[in-house]
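Peer 1: Input: one structure, supplied below.
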Amino acid sequence: MRLIQCEYQHQVRAALVENEQQVRLLDADTYTLARRAIAAGRSLNEVVEAALTETRLDYQQLVDERRLLPPLTHPDPAHCLVTGTGLTHLGSADTRSAMHAKAQVSEAELTDSMRMFRLGVEGGKPQDGKPGAQPEWFYKGDGDCIVAPEAELPVPAFAEDAGEEPELAGLYVIGDDGTPWRVGHAIGNEFSDHVTERFNYLWLAHSKLRACSFGPELLVGELPDHLEGTSRIVRDGATLWEKPFLTGEANMAHSLANLEHHHFKYAGFRRPGDVHVHFFGTATLSFADGIRTRDGDRFEIDLPAFGRPLRNPLRFEPATPASVAIPSL
């Protein structure tokens with residue numbers, strides 16, 4: 001089952017993807033449907049089936065009219081937290097270490113990235129039900145940093161780079177008792193500033209405070225272990241760069257359960273009613289191939305199991321002041 005969200009008669013509504021041309025409107029948004037399922041102790045599939053209306057919409061028209069929305073949102077963006085984990089995919093350490101330093105041969109000279117990656121390889125998929133190795137973790141922002149599919153990704157004037165990161169995103173709603181419920185997964189463009197990160201690894205936090213996008217479709221149900229997709233950049237109507245990428249647990253050093261545990265073990269991330277969007281990492285970056293993006297370039301991330309590709313053009317923004325005012329006493 002795949003769901004989208006769209007603007008319909010000035011409301012946020014979820015819709016069931018029936019085929020590539022058509023979606024069937026539901027009677028509420030995805031967040032409301034998830035809350036119904038949690039409260040009733042039912043599967044989201046059952047709740048969706050009960051929420052179907054007779055209204056069908058043209059999928060391409062929603063795209064053309066820019067009425068697509070992220071497939072899960074919170075009515076209050078401050079109650080949506082966007083986070084992620086890195087160095088989770090086999091091959092990701094090579095990409096990251098190449099950004100930070102030349103490869104070293106001795107244990108003492110290994111980069112922090114390679115040490116973190118090795119921890120995941122050795123202990124990221126525990127078989128005994130106990131927590132595994134702790135992954136790299138970062139914060140991107142609240143719901144205001146999320147850009148809808150087909151909408152422009154803003155690049156702040158102070159950014160040194162604007163690079164895509166094709167990833168899986170896990171989408172969650174926290175139940176009234178503080179239990180995190182996985183609603184499903186979506187294609188994500190985690191979008192980062194790799195030049196800032198490369199300058200000094202301690203600037204990773206700065207490099208991640210950027211916009212992001214995910215969707216357009218939410219996959220409900222079991223996630224395949226092996227997923228193959230394509231990431232590309234289109235400039236002036238022609239493909240500038242294109243590369244396949246792999247994801248799913250078969251291509252990862254960590255299990256998804258381990259990554260989820262190390263995120264939701266913090267009580268502050270189990271606040272009832274909140275939405276969480278958590279990116280699971282990648283090993284494929286155009287930046288690693290020397291690509292520098294510019295205004296108007298379009299990212300396209302295609303993962304066939306998730307339906308339509310995620311597409312977002314870039315918009316470079318002018319500088320804005322960030323001065324601090326002091327109220328008079």
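To be explicit about the labels: the chains of the structure tokens are called A, B, and onward in the order shown, and within each one the residues are counted from 1, while ligands get numbers from 1 in the order they are shown.
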What parts of range 85-299 of chain A does DSSP call strand (DSSP E)? I'd like the answer as a short mmCIF file (atom, residue, chain, number, x, y, z; two decimals) with all heavy atoms, in the first residue's frame.
Peer 2:
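The resulting file, result-v9.cif, is reproduced below:
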```
data_model
loop_
_atom_site.label_atom_id
_atom_site.label_comp_id
_atom_site.auth_asym_id
_atom_site.auth_seq_id
_atom_site.Cartn_x
_atom_site.Cartn_y
_atom_site.Cartn_z
N PHE A 138 22.41 12.83 13.86
CA PHE A 138 22.38 14.28 13.66
C PHE A 138 20.94 14.79 13.61
O PHE A 138 20.00 14.04 13.39
CB PHE A 138 23.13 14.68 12.38
CG PHE A 138 22.63 13.99 11.14
CD1 PHE A 138 21.52 14.46 10.43
CD2 PHE A 138 23.28 12.86 10.65
CE1 PHE A 138 21.06 13.82 9.29
CE2 PHE A 138 22.83 12.21 9.51
CZ PHE A 138 21.72 12.71 8.82
N TYR A 139 20.82 16.09 13.83
CA TYR A 139 19.53 16.79 13.83
C TYR A 139 19.48 17.72 12.63
O TYR A 139 20.45 18.40 12.31
CB TYR A 139 19.41 17.60 15.13
CG TYR A 139 18.21 18.51 15.22
CD1 TYR A 139 16.93 18.00 15.37
CD2 TYR A 139 18.38 19.90 15.16
CE1 TYR A 139 15.83 18.85 15.48
CE2 TYR A 139 17.27 20.75 15.26
CZ TYR A 139 16.00 20.21 15.42
OH TYR A 139 14.92 21.05 15.52
N LYS A 140 18.34 17.74 11.95
CA LYS A 140 18.18 18.62 10.79
C LYS A 140 17.26 19.80 11.07
O LYS A 140 17.43 20.87 10.50
CB LYS A 140 17.65 17.84 9.58
CG LYS A 140 18.70 16.94 8.96
CD LYS A 140 18.29 16.46 7.58
CE LYS A 140 18.23 17.55 6.54
NZ LYS A 140 19.55 18.12 6.22
N GLY A 141 16.27 19.63 11.91
CA GLY A 141 15.34 20.72 12.20
C GLY A 141 13.97 20.18 12.54
O GLY A 141 13.77 18.97 12.70
N ASP A 142 13.01 21.09 12.63
CA ASP A 142 11.63 20.65 12.85
C ASP A 142 10.90 20.61 11.50
O ASP A 142 11.52 20.68 10.44
CB ASP A 142 10.92 21.55 13.87
CG ASP A 142 10.77 22.99 13.41
OD1 ASP A 142 10.95 23.28 12.21
OD2 ASP A 142 10.45 23.85 14.26
N ILE A 146 11.13 20.85 6.13
CA ILE A 146 10.70 19.86 5.13
C ILE A 146 10.08 20.57 3.92
O ILE A 146 9.20 21.42 4.07
CB ILE A 146 9.67 18.89 5.73
CG1 ILE A 146 10.28 18.13 6.90
CG2 ILE A 146 9.17 17.92 4.66
CD1 ILE A 146 9.27 17.33 7.69
N VAL A 147 10.57 20.22 2.75
CA VAL A 147 10.08 20.77 1.49
C VAL A 147 9.24 19.71 0.79
O VAL A 147 9.63 18.54 0.75
CB VAL A 147 11.26 21.21 0.60
CG1 VAL A 147 10.80 21.59 -0.79
CG2 VAL A 147 12.02 22.36 1.25
N LEU A 153 14.16 23.33 -3.13
CA LEU A 153 14.99 23.22 -1.93
C LEU A 153 15.77 24.51 -1.78
O LEU A 153 16.58 24.86 -2.65
CB LEU A 153 15.96 22.05 -2.06
CG LEU A 153 15.40 20.65 -1.81
CD1 LEU A 153 16.38 19.60 -2.32
CD2 LEU A 153 15.13 20.43 -0.32
N PRO A 154 15.58 25.26 -0.69
CA PRO A 154 16.29 26.52 -0.52
C PRO A 154 17.73 26.30 -0.07
O PRO A 154 18.01 25.45 0.79
CB PRO A 154 15.48 27.24 0.56
CG PRO A 154 14.89 26.12 1.37
CD PRO A 154 14.62 25.01 0.40
N VAL A 155 18.64 27.06 -0.66
CA VAL A 155 20.06 27.00 -0.29
C VAL A 155 20.42 28.33 0.35
O VAL A 155 20.39 29.38 -0.31
CB VAL A 155 20.95 26.76 -1.53
CG1 VAL A 155 22.42 26.66 -1.11
CG2 VAL A 155 20.51 25.52 -2.28
N PRO A 166 20.56 10.60 -1.35
CA PRO A 166 19.40 9.72 -1.59
C PRO A 166 19.29 8.66 -0.50
O PRO A 166 20.17 7.83 -0.33
CB PRO A 166 19.72 9.10 -2.95
CG PRO A 166 21.22 9.09 -3.02
CD PRO A 166 21.67 10.30 -2.27
N GLU A 167 18.20 8.69 0.25
CA GLU A 167 18.10 7.83 1.43
C GLU A 167 16.68 7.31 1.63
O GLU A 167 15.71 7.86 1.09
CB GLU A 167 18.51 8.61 2.69
CG GLU A 167 19.85 9.28 2.58
CD GLU A 167 20.33 9.88 3.89
OE1 GLU A 167 19.73 9.56 4.94
OE2 GLU A 167 21.30 10.65 3.85
N LEU A 168 16.58 6.29 2.45
CA LEU A 168 15.30 5.90 3.02
C LEU A 168 15.01 6.79 4.22
O LEU A 168 15.92 7.14 4.98
CB LEU A 168 15.34 4.45 3.51
CG LEU A 168 15.24 3.32 2.50
CD1 LEU A 168 15.38 1.99 3.22
CD2 LEU A 168 13.92 3.38 1.75
N ALA A 169 13.75 7.14 4.39
CA ALA A 169 13.32 7.86 5.59
C ALA A 169 12.26 7.04 6.29
O ALA A 169 11.31 6.56 5.66
CB ALA A 169 12.76 9.23 5.23
N GLY A 170 12.43 6.86 7.60
CA GLY A 170 11.40 6.22 8.41
C GLY A 170 10.48 7.29 8.96
O GLY A 170 10.93 8.35 9.42
N LEU A 171 9.17 7.04 8.92
CA LEU A 171 8.17 8.01 9.34
C LEU A 171 7.40 7.43 10.53
O LEU A 171 6.88 6.31 10.46
CB LEU A 171 7.21 8.32 8.20
CG LEU A 171 7.88 8.71 6.87
CD1 LEU A 171 6.82 9.00 5.81
CD2 LEU A 171 8.81 9.88 7.04
N TYR A 172 7.31 8.21 11.61
CA TYR A 172 6.78 7.71 12.88
C TYR A 172 5.80 8.70 13.51
O TYR A 172 5.93 9.91 13.35
CB TYR A 172 7.93 7.47 13.88
CG TYR A 172 9.05 6.63 13.32
CD1 TYR A 172 10.08 7.21 12.57
CD2 TYR A 172 9.08 5.25 13.51
CE1 TYR A 172 11.10 6.43 12.04
CE2 TYR A 172 10.09 4.46 12.99
CZ TYR A 172 11.11 5.07 12.24
OH TYR A 172 12.11 4.30 11.71
N VAL A 173 4.87 8.14 14.27
CA VAL A 173 3.98 8.91 15.14
C VAL A 173 4.09 8.34 16.54
O VAL A 173 4.08 7.11 16.72
CB VAL A 173 2.52 8.86 14.64
CG1 VAL A 173 1.58 9.51 15.67
CG2 VAL A 173 2.37 9.54 13.29
N ILE A 174 4.22 9.20 17.53
CA ILE A 174 4.34 8.75 18.92
C ILE A 174 2.94 8.61 19.54
O ILE A 174 2.16 9.56 19.52
CB ILE A 174 5.19 9.72 19.77
CG1 ILE A 174 6.50 10.04 19.05
CG2 ILE A 174 5.44 9.11 21.14
CD1 ILE A 174 7.38 8.85 18.75
N PRO A 180 6.69 4.77 20.15
CA PRO A 180 6.84 5.17 18.75
C PRO A 180 6.21 4.12 17.82
O PRO A 180 6.47 2.92 17.95
CB PRO A 180 8.37 5.21 18.54
CG PRO A 180 8.97 5.15 19.91
CD PRO A 180 7.99 4.40 20.75
N TRP A 181 5.39 4.59 16.90
CA TRP A 181 4.76 3.73 15.90
C TRP A 181 5.31 4.07 14.53
O TRP A 181 5.27 5.22 14.11
CB TRP A 181 3.24 3.92 15.91
CG TRP A 181 2.58 3.39 17.14
CD1 TRP A 181 2.49 4.00 18.36
CD2 TRP A 181 1.92 2.13 17.29
NE1 TRP A 181 1.81 3.21 19.25
CE2 TRP A 181 1.45 2.05 18.62
CE3 TRP A 181 1.67 1.06 16.42
CZ2 TRP A 181 0.74 0.95 19.10
CZ3 TRP A 181 0.97 -0.03 16.89
CH2 TRP A 181 0.52 -0.09 18.23
N ARG A 182 5.84 3.05 13.85
CA ARG A 182 6.34 3.27 12.49
C ARG A 182 5.16 3.25 11.52
O ARG A 182 4.48 2.22 11.35
CB ARG A 182 7.35 2.20 12.10
CG ARG A 182 8.03 2.48 10.75
CD ARG A 182 8.79 1.30 10.20
NE ARG A 182 9.71 0.72 11.16
CZ ARG A 182 9.61 -0.53 11.62
NH1 ARG A 182 8.61 -1.30 11.23
NH2 ARG A 182 10.50 -1.00 12.47
N VAL A 183 4.91 4.39 10.88
CA VAL A 183 3.82 4.50 9.92
C VAL A 183 4.23 3.87 8.59
O VAL A 183 3.43 3.24 7.90
CB VAL A 183 3.41 5.98 9.73
CG1 VAL A 183 2.29 6.11 8.72
CG2 VAL A 183 3.00 6.58 11.07
N GLY A 184 5.50 4.05 8.22
CA GLY A 184 6.00 3.50 6.96
C GLY A 184 7.32 4.13 6.59
O GLY A 184 8.00 4.74 7.42
N HIS A 185 7.69 4.00 5.32
CA HIS A 185 8.95 4.53 4.81
C HIS A 185 8.70 5.32 3.54
O HIS A 185 7.70 5.14 2.85
CB HIS A 185 9.93 3.39 4.50
CG HIS A 185 10.32 2.57 5.69
ND1 HIS A 185 9.60 1.45 6.07
CD2 HIS A 185 11.32 2.70 6.59
CE1 HIS A 185 10.16 0.92 7.16
NE2 HIS A 185 11.20 1.66 7.49
N ALA A 186 9.65 6.20 3.23
CA ALA A 186 9.56 7.01 2.01
C ALA A 186 10.97 7.21 1.44
O ALA A 186 11.97 7.06 2.15
CB ALA A 186 8.91 8.36 2.29
N ILE A 187 11.04 7.56 0.16
CA ILE A 187 12.30 8.04 -0.40
C ILE A 187 12.59 9.39 0.22
O ILE A 187 11.70 10.22 0.41
CB ILE A 187 12.19 8.24 -1.93
CG1 ILE A 187 11.68 7.00 -2.63
CG2 ILE A 187 13.54 8.66 -2.51
CD1 ILE A 187 11.35 7.26 -4.10
N GLY A 188 13.86 9.63 0.52
CA GLY A 188 14.24 10.93 1.07
C GLY A 188 15.44 11.53 0.37
O GLY A 188 16.31 10.81 -0.13
N ASN A 189 15.46 12.85 0.32
CA ASN A 189 16.66 13.60 -0.08
C ASN A 189 17.08 14.37 1.17
O ASN A 189 16.51 15.39 1.49
CB ASN A 189 16.38 14.54 -1.23
CG ASN A 189 17.64 15.25 -1.71
OD1 ASN A 189 18.69 15.17 -1.09
ND2 ASN A 189 17.53 15.95 -2.83
N CYS A 212 15.18 19.63 3.57
CA CYS A 212 15.18 18.26 3.09
C CYS A 212 13.82 17.98 2.45
O CYS A 212 12.90 18.81 2.54
CB CYS A 212 15.44 17.27 4.23
SG CYS A 212 14.15 17.27 5.50
N SER A 213 13.71 16.83 1.82
CA SER A 213 12.43 16.45 1.22
C SER A 213 12.27 14.95 1.30
O SER A 213 13.28 14.21 1.36
CB SER A 213 12.36 16.92 -0.24
OG SER A 213 11.07 16.73 -0.77
N PHE A 214 11.03 14.48 1.31
CA PHE A 214 10.79 13.04 1.25
C PHE A 214 9.42 12.80 0.62
O PHE A 214 8.55 13.67 0.62
CB PHE A 214 10.89 12.37 2.63
CG PHE A 214 9.89 12.86 3.64
CD1 PHE A 214 8.66 12.24 3.80
CD2 PHE A 214 10.17 13.96 4.45
CE1 PHE A 214 7.74 12.68 4.73
CE2 PHE A 214 9.26 14.41 5.39
CZ PHE A 214 8.04 13.77 5.54
N GLY A 215 9.25 11.62 0.07
CA GLY A 215 8.02 11.28 -0.65
C GLY A 215 8.30 11.10 -2.14
O GLY A 215 9.43 10.83 -2.52
N PRO A 216 7.33 11.30 -3.02
CA PRO A 216 5.96 11.71 -2.68
C PRO A 216 5.12 10.62 -2.03
O PRO A 216 4.07 10.91 -1.48
CB PRO A 216 5.38 12.10 -4.04
CG PRO A 216 6.16 11.32 -5.04
CD PRO A 216 7.54 11.18 -4.48
N GLU A 217 5.61 9.36 -2.07
CA GLU A 217 4.76 8.27 -1.61
C GLU A 217 5.29 7.65 -0.32
O GLU A 217 6.50 7.54 -0.10
CB GLU A 217 4.62 7.21 -2.71
CG GLU A 217 4.02 7.80 -3.98
CD GLU A 217 3.78 6.77 -5.07
OE1 GLU A 217 3.72 5.56 -4.76
OE2 GLU A 217 3.62 7.17 -6.24
N LEU A 218 4.38 7.25 0.52
CA LEU A 218 4.66 6.56 1.78
C LEU A 218 4.34 5.09 1.58
O LEU A 218 3.21 4.72 1.23
CB LEU A 218 3.79 7.15 2.89
CG LEU A 218 3.60 6.36 4.19
CD1 LEU A 218 4.92 6.16 4.89
CD2 LEU A 218 2.62 7.08 5.10
N LEU A 219 5.34 4.24 1.75
CA LEU A 219 5.17 2.80 1.61
C LEU A 219 4.76 2.22 2.95
O LEU A 219 5.51 2.32 3.94
CB LEU A 219 6.47 2.15 1.12
CG LEU A 219 6.44 0.64 0.91
CD1 LEU A 219 5.53 0.27 -0.26
CD2 LEU A 219 7.85 0.11 0.64
N LEU A 227 17.07 -2.89 -1.99
CA LEU A 227 16.41 -1.89 -2.83
C LEU A 227 17.45 -1.23 -3.73
O LEU A 227 18.54 -0.87 -3.27
CB LEU A 227 15.73 -0.83 -1.96
CG LEU A 227 14.50 -1.28 -1.17
CD1 LEU A 227 14.20 -0.31 -0.04
CD2 LEU A 227 13.29 -1.42 -2.09
N GLU A 228 17.12 -1.08 -5.00
CA GLU A 228 18.01 -0.46 -5.96
C GLU A 228 17.31 0.76 -6.57
O GLU A 228 16.17 0.68 -7.01
CB GLU A 228 18.38 -1.43 -7.08
CG GLU A 228 19.10 -2.67 -6.60
CD GLU A 228 19.50 -3.59 -7.75
OE1 GLU A 228 19.72 -3.07 -8.87
OE2 GLU A 228 19.60 -4.81 -7.52
N GLY A 229 18.01 1.88 -6.56
CA GLY A 229 17.45 3.11 -7.11
C GLY A 229 18.47 3.85 -7.94
O GLY A 229 19.61 3.40 -8.13
N THR A 230 18.06 5.02 -8.41
CA THR A 230 18.93 5.89 -9.21
C THR A 230 18.82 7.31 -8.69
O THR A 230 17.71 7.81 -8.45
CB THR A 230 18.53 5.85 -10.70
OG1 THR A 230 18.57 4.50 -11.16
CG2 THR A 230 19.50 6.70 -11.53
N SER A 231 19.96 7.95 -8.52
CA SER A 231 20.01 9.36 -8.13
C SER A 231 20.60 10.14 -9.29
O SER A 231 21.62 9.74 -9.86
CB SER A 231 20.88 9.52 -6.87
OG SER A 231 20.92 10.86 -6.46
N ARG A 232 19.96 11.26 -9.64
CA ARG A 232 20.47 12.05 -10.77
C ARG A 232 20.29 13.53 -10.51
O ARG A 232 19.47 13.95 -9.69
CB ARG A 232 19.80 11.64 -12.08
CG ARG A 232 18.35 12.01 -12.22
CD ARG A 232 17.79 11.63 -13.59
NE ARG A 232 17.86 10.20 -13.81
CZ ARG A 232 16.92 9.33 -13.43
NH1 ARG A 232 15.82 9.78 -12.80
NH2 ARG A 232 17.03 8.06 -13.65
N ILE A 233 21.05 14.32 -11.26
CA ILE A 233 20.91 15.77 -11.26
C ILE A 233 20.65 16.20 -12.69
O ILE A 233 21.39 15.82 -13.62
CB ILE A 233 22.18 16.46 -10.72
CG1 ILE A 233 22.44 16.04 -9.28
CG2 ILE A 233 22.05 17.97 -10.81
CD1 ILE A 233 23.76 16.54 -8.72
N VAL A 234 19.60 16.98 -12.88
CA VAL A 234 19.23 17.49 -14.20
C VAL A 234 19.51 18.98 -14.24
O VAL A 234 19.08 19.73 -13.35
CB VAL A 234 17.74 17.20 -14.51
CG1 VAL A 234 17.35 17.81 -15.85
CG2 VAL A 234 17.48 15.69 -14.50
N ARG A 235 20.24 19.41 -15.27
CA ARG A 235 20.56 20.83 -15.45
C ARG A 235 20.16 21.25 -16.86
O ARG A 235 20.59 20.65 -17.83
CB ARG A 235 22.05 21.09 -15.22
CG ARG A 235 22.48 22.54 -15.45
CD ARG A 235 23.97 22.73 -15.14
NE ARG A 235 24.22 22.57 -13.70
CZ ARG A 235 25.46 22.52 -13.19
NH1 ARG A 235 26.53 22.61 -13.97
NH2 ARG A 235 25.60 22.38 -11.87
N ALA A 238 18.95 18.54 -19.26
CA ALA A 238 19.80 17.39 -19.57
C ALA A 238 20.37 16.80 -18.28
O ALA A 238 20.60 17.52 -17.30
CB ALA A 238 20.93 17.81 -20.51
N THR A 239 20.64 15.50 -18.30
CA THR A 239 21.20 14.84 -17.12
C THR A 239 22.66 15.23 -16.96
O THR A 239 23.50 14.96 -17.82
CB THR A 239 21.08 13.32 -17.23
OG1 THR A 239 19.69 12.96 -17.29
CG2 THR A 239 21.70 12.64 -16.03
N LEU A 240 22.98 15.88 -15.84
CA LEU A 240 24.34 16.29 -15.54
C LEU A 240 25.12 15.16 -14.89
O LEU A 240 26.32 14.95 -15.17
CB LEU A 240 24.31 17.50 -14.60
CG LEU A 240 25.65 17.96 -14.01
CD1 LEU A 240 26.52 18.57 -15.10
CD2 LEU A 240 25.42 18.96 -12.88
N TRP A 241 24.46 14.41 -14.01
CA TRP A 241 25.11 13.33 -13.25
C TRP A 241 24.04 12.31 -12.91
O TRP A 241 22.89 12.65 -12.64
CB TRP A 241 25.73 13.91 -11.98
CG TRP A 241 26.30 12.90 -11.03
CD1 TRP A 241 27.55 12.38 -11.01
CD2 TRP A 241 25.61 12.28 -9.93
NE1 TRP A 241 27.70 11.49 -9.99
CE2 TRP A 241 26.52 11.41 -9.29
CE3 TRP A 241 24.32 12.40 -9.41
CZ2 TRP A 241 26.18 10.65 -8.18
CZ3 TRP A 241 23.97 11.63 -8.30
CH2 TRP A 241 24.90 10.78 -7.70
N GLU A 242 24.45 11.04 -12.92
CA GLU A 242 23.51 9.96 -12.60
C GLU A 242 24.28 8.78 -12.05
O GLU A 242 25.37 8.45 -12.55
CB GLU A 242 22.73 9.55 -13.84
CG GLU A 242 21.68 8.47 -13.59
CD GLU A 242 20.88 8.15 -14.85
OE1 GLU A 242 21.36 7.34 -15.66
OE2 GLU A 242 19.80 8.75 -15.00
N LYS A 243 23.72 8.14 -11.01
CA LYS A 243 24.41 7.02 -10.41
C LYS A 243 23.40 6.12 -9.69
O LYS A 243 22.46 6.63 -9.05
CB LYS A 243 25.46 7.51 -9.40
CG LYS A 243 26.58 6.55 -9.12
CD LYS A 243 27.73 7.26 -8.41
CE LYS A 243 28.96 6.39 -8.34
NZ LYS A 243 30.12 7.12 -7.75
N PRO A 244 23.57 4.82 -9.77
CA PRO A 244 22.70 3.93 -9.00
C PRO A 244 23.06 3.95 -7.53
O PRO A 244 24.19 4.28 -7.16
CB PRO A 244 22.98 2.55 -9.62
CG PRO A 244 24.37 2.65 -10.15
CD PRO A 244 24.54 4.08 -10.60
N PHE A 245 22.10 3.63 -6.68
CA PHE A 245 22.39 3.50 -5.26
C PHE A 245 21.63 2.31 -4.70
O PHE A 245 20.59 1.88 -5.24
CB PHE A 245 22.05 4.78 -4.48
CG PHE A 245 20.58 5.09 -4.36
CD1 PHE A 245 19.85 4.69 -3.25
CD2 PHE A 245 19.92 5.80 -5.36
CE1 PHE A 245 18.50 4.98 -3.13
CE2 PHE A 245 18.57 6.11 -5.25
CZ PHE A 245 17.85 5.69 -4.13
N LEU A 246 22.16 1.75 -3.62
CA LEU A 246 21.56 0.60 -2.95
C LEU A 246 21.16 0.99 -1.54
O LEU A 246 21.86 1.76 -0.87
CB LEU A 246 22.56 -0.57 -2.88
CG LEU A 246 23.10 -1.10 -4.20
CD1 LEU A 246 24.15 -2.18 -3.94
CD2 LEU A 246 21.99 -1.65 -5.07
N THR A 247 20.06 0.44 -1.07
CA THR A 247 19.66 0.64 0.31
C THR A 247 18.87 -0.58 0.76
O THR A 247 18.78 -1.59 0.05
CB THR A 247 18.88 1.95 0.49
OG1 THR A 247 18.72 2.22 1.89
CG2 THR A 247 17.53 1.91 -0.21
N VAL A 275 5.51 13.75 15.57
CA VAL A 275 5.90 13.05 14.35
C VAL A 275 7.43 13.09 14.25
O VAL A 275 8.06 14.10 14.60
CB VAL A 275 5.28 13.72 13.10
CG1 VAL A 275 5.96 13.25 11.80
CG2 VAL A 275 3.79 13.45 13.03
N HIS A 276 8.02 11.98 13.81
CA HIS A 276 9.46 11.92 13.59
C HIS A 276 9.73 11.48 12.15
O HIS A 276 9.09 10.54 11.65
CB HIS A 276 10.13 10.94 14.54
CG HIS A 276 10.26 11.46 15.93
ND1 HIS A 276 11.47 11.84 16.48
CD2 HIS A 276 9.33 11.71 16.89
CE1 HIS A 276 11.28 12.28 17.71
NE2 HIS A 276 9.99 12.21 17.98
N VAL A 277 10.66 12.16 11.51
CA VAL A 277 11.18 11.77 10.20
C VAL A 277 12.66 11.48 10.41
O VAL A 277 13.42 12.37 10.81
CB VAL A 277 11.00 12.90 9.16
CG1 VAL A 277 11.58 12.48 7.82
CG2 VAL A 277 9.53 13.28 9.03
N HIS A 278 13.06 10.24 10.16
CA HIS A 278 14.44 9.83 10.46
C HIS A 278 15.08 9.26 9.19
O HIS A 278 14.61 8.26 8.64
CB HIS A 278 14.45 8.80 11.57
CG HIS A 278 15.82 8.55 12.14
ND1 HIS A 278 16.48 9.49 12.91
CD2 HIS A 278 16.65 7.49 12.05
CE1 HIS A 278 17.66 9.00 13.28
NE2 HIS A 278 17.79 7.80 12.76
N PHE A 279 16.16 9.90 8.74
CA PHE A 279 16.88 9.46 7.55
C PHE A 279 17.89 8.39 7.93
O PHE A 279 18.61 8.51 8.92
CB PHE A 279 17.59 10.65 6.89
CG PHE A 279 16.66 11.61 6.21
CD1 PHE A 279 16.20 12.75 6.87
CD2 PHE A 279 16.24 11.38 4.91
CE1 PHE A 279 15.34 13.63 6.24
CE2 PHE A 279 15.38 12.26 4.28
CZ PHE A 279 14.93 13.39 4.94
N ARG A 298 17.99 20.29 -10.76
CA ARG A 298 16.91 19.49 -10.18
C ARG A 298 17.43 18.12 -9.75
O ARG A 298 18.05 17.40 -10.53
CB ARG A 298 15.77 19.30 -11.17
CG ARG A 298 14.55 18.58 -10.56
CD ARG A 298 13.37 18.52 -11.51
NE ARG A 298 13.58 17.56 -12.59
CZ ARG A 298 13.58 17.87 -13.87
NH1 ARG A 298 13.40 19.12 -14.25
NH2 ARG A 298 13.77 16.94 -14.78
N PHE A 299 17.18 17.78 -8.49
CA PHE A 299 17.50 16.44 -7.98
C PHE A 299 16.34 15.51 -8.31
O PHE A 299 15.17 15.88 -8.14
CB PHE A 299 17.70 16.47 -6.47
CG PHE A 299 18.87 17.29 -6.01
CD1 PHE A 299 18.71 18.27 -5.04
CD2 PHE A 299 20.14 17.09 -6.52
CE1 PHE A 299 19.78 19.01 -4.59
CE2 PHE A 299 21.22 17.83 -6.09
CZ PHE A 299 21.04 18.80 -5.12
#
```
Peer 1: Mind the document's chain letters and residue numbers, and return as a PyMOL selection string the residues of range 84-216 of chain A that DSSP labels helix (DSSP H, G or I).
Peer 2: chain A and resi 92-100+107-109+112-123+143-145+194-199+201-208
Peer 1: By how many Å are CA of Ala78 in chain A and CA of Cys145 in chain A apart?
Peer 2: 10.3 Å
Peer 1: Which neighbours of Phe158 in chain A fall inside 10 Å, counting only C-alpha atoms, when residues of the same chain fewer than 4 positions from it are skipped, and could you give them as a PyMOL selection string?
Peer 2: chain A and resi 317-320
Peer 1: Could you check which of A:Ser255, A:Glu249, A:Val195, A:Pro75 is closest to Ala162 in chain A, using only C-alpha atoms?
Peer 2: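 Checking each candidate against Ala162 in chain A, we get A:Val195 as the closest.
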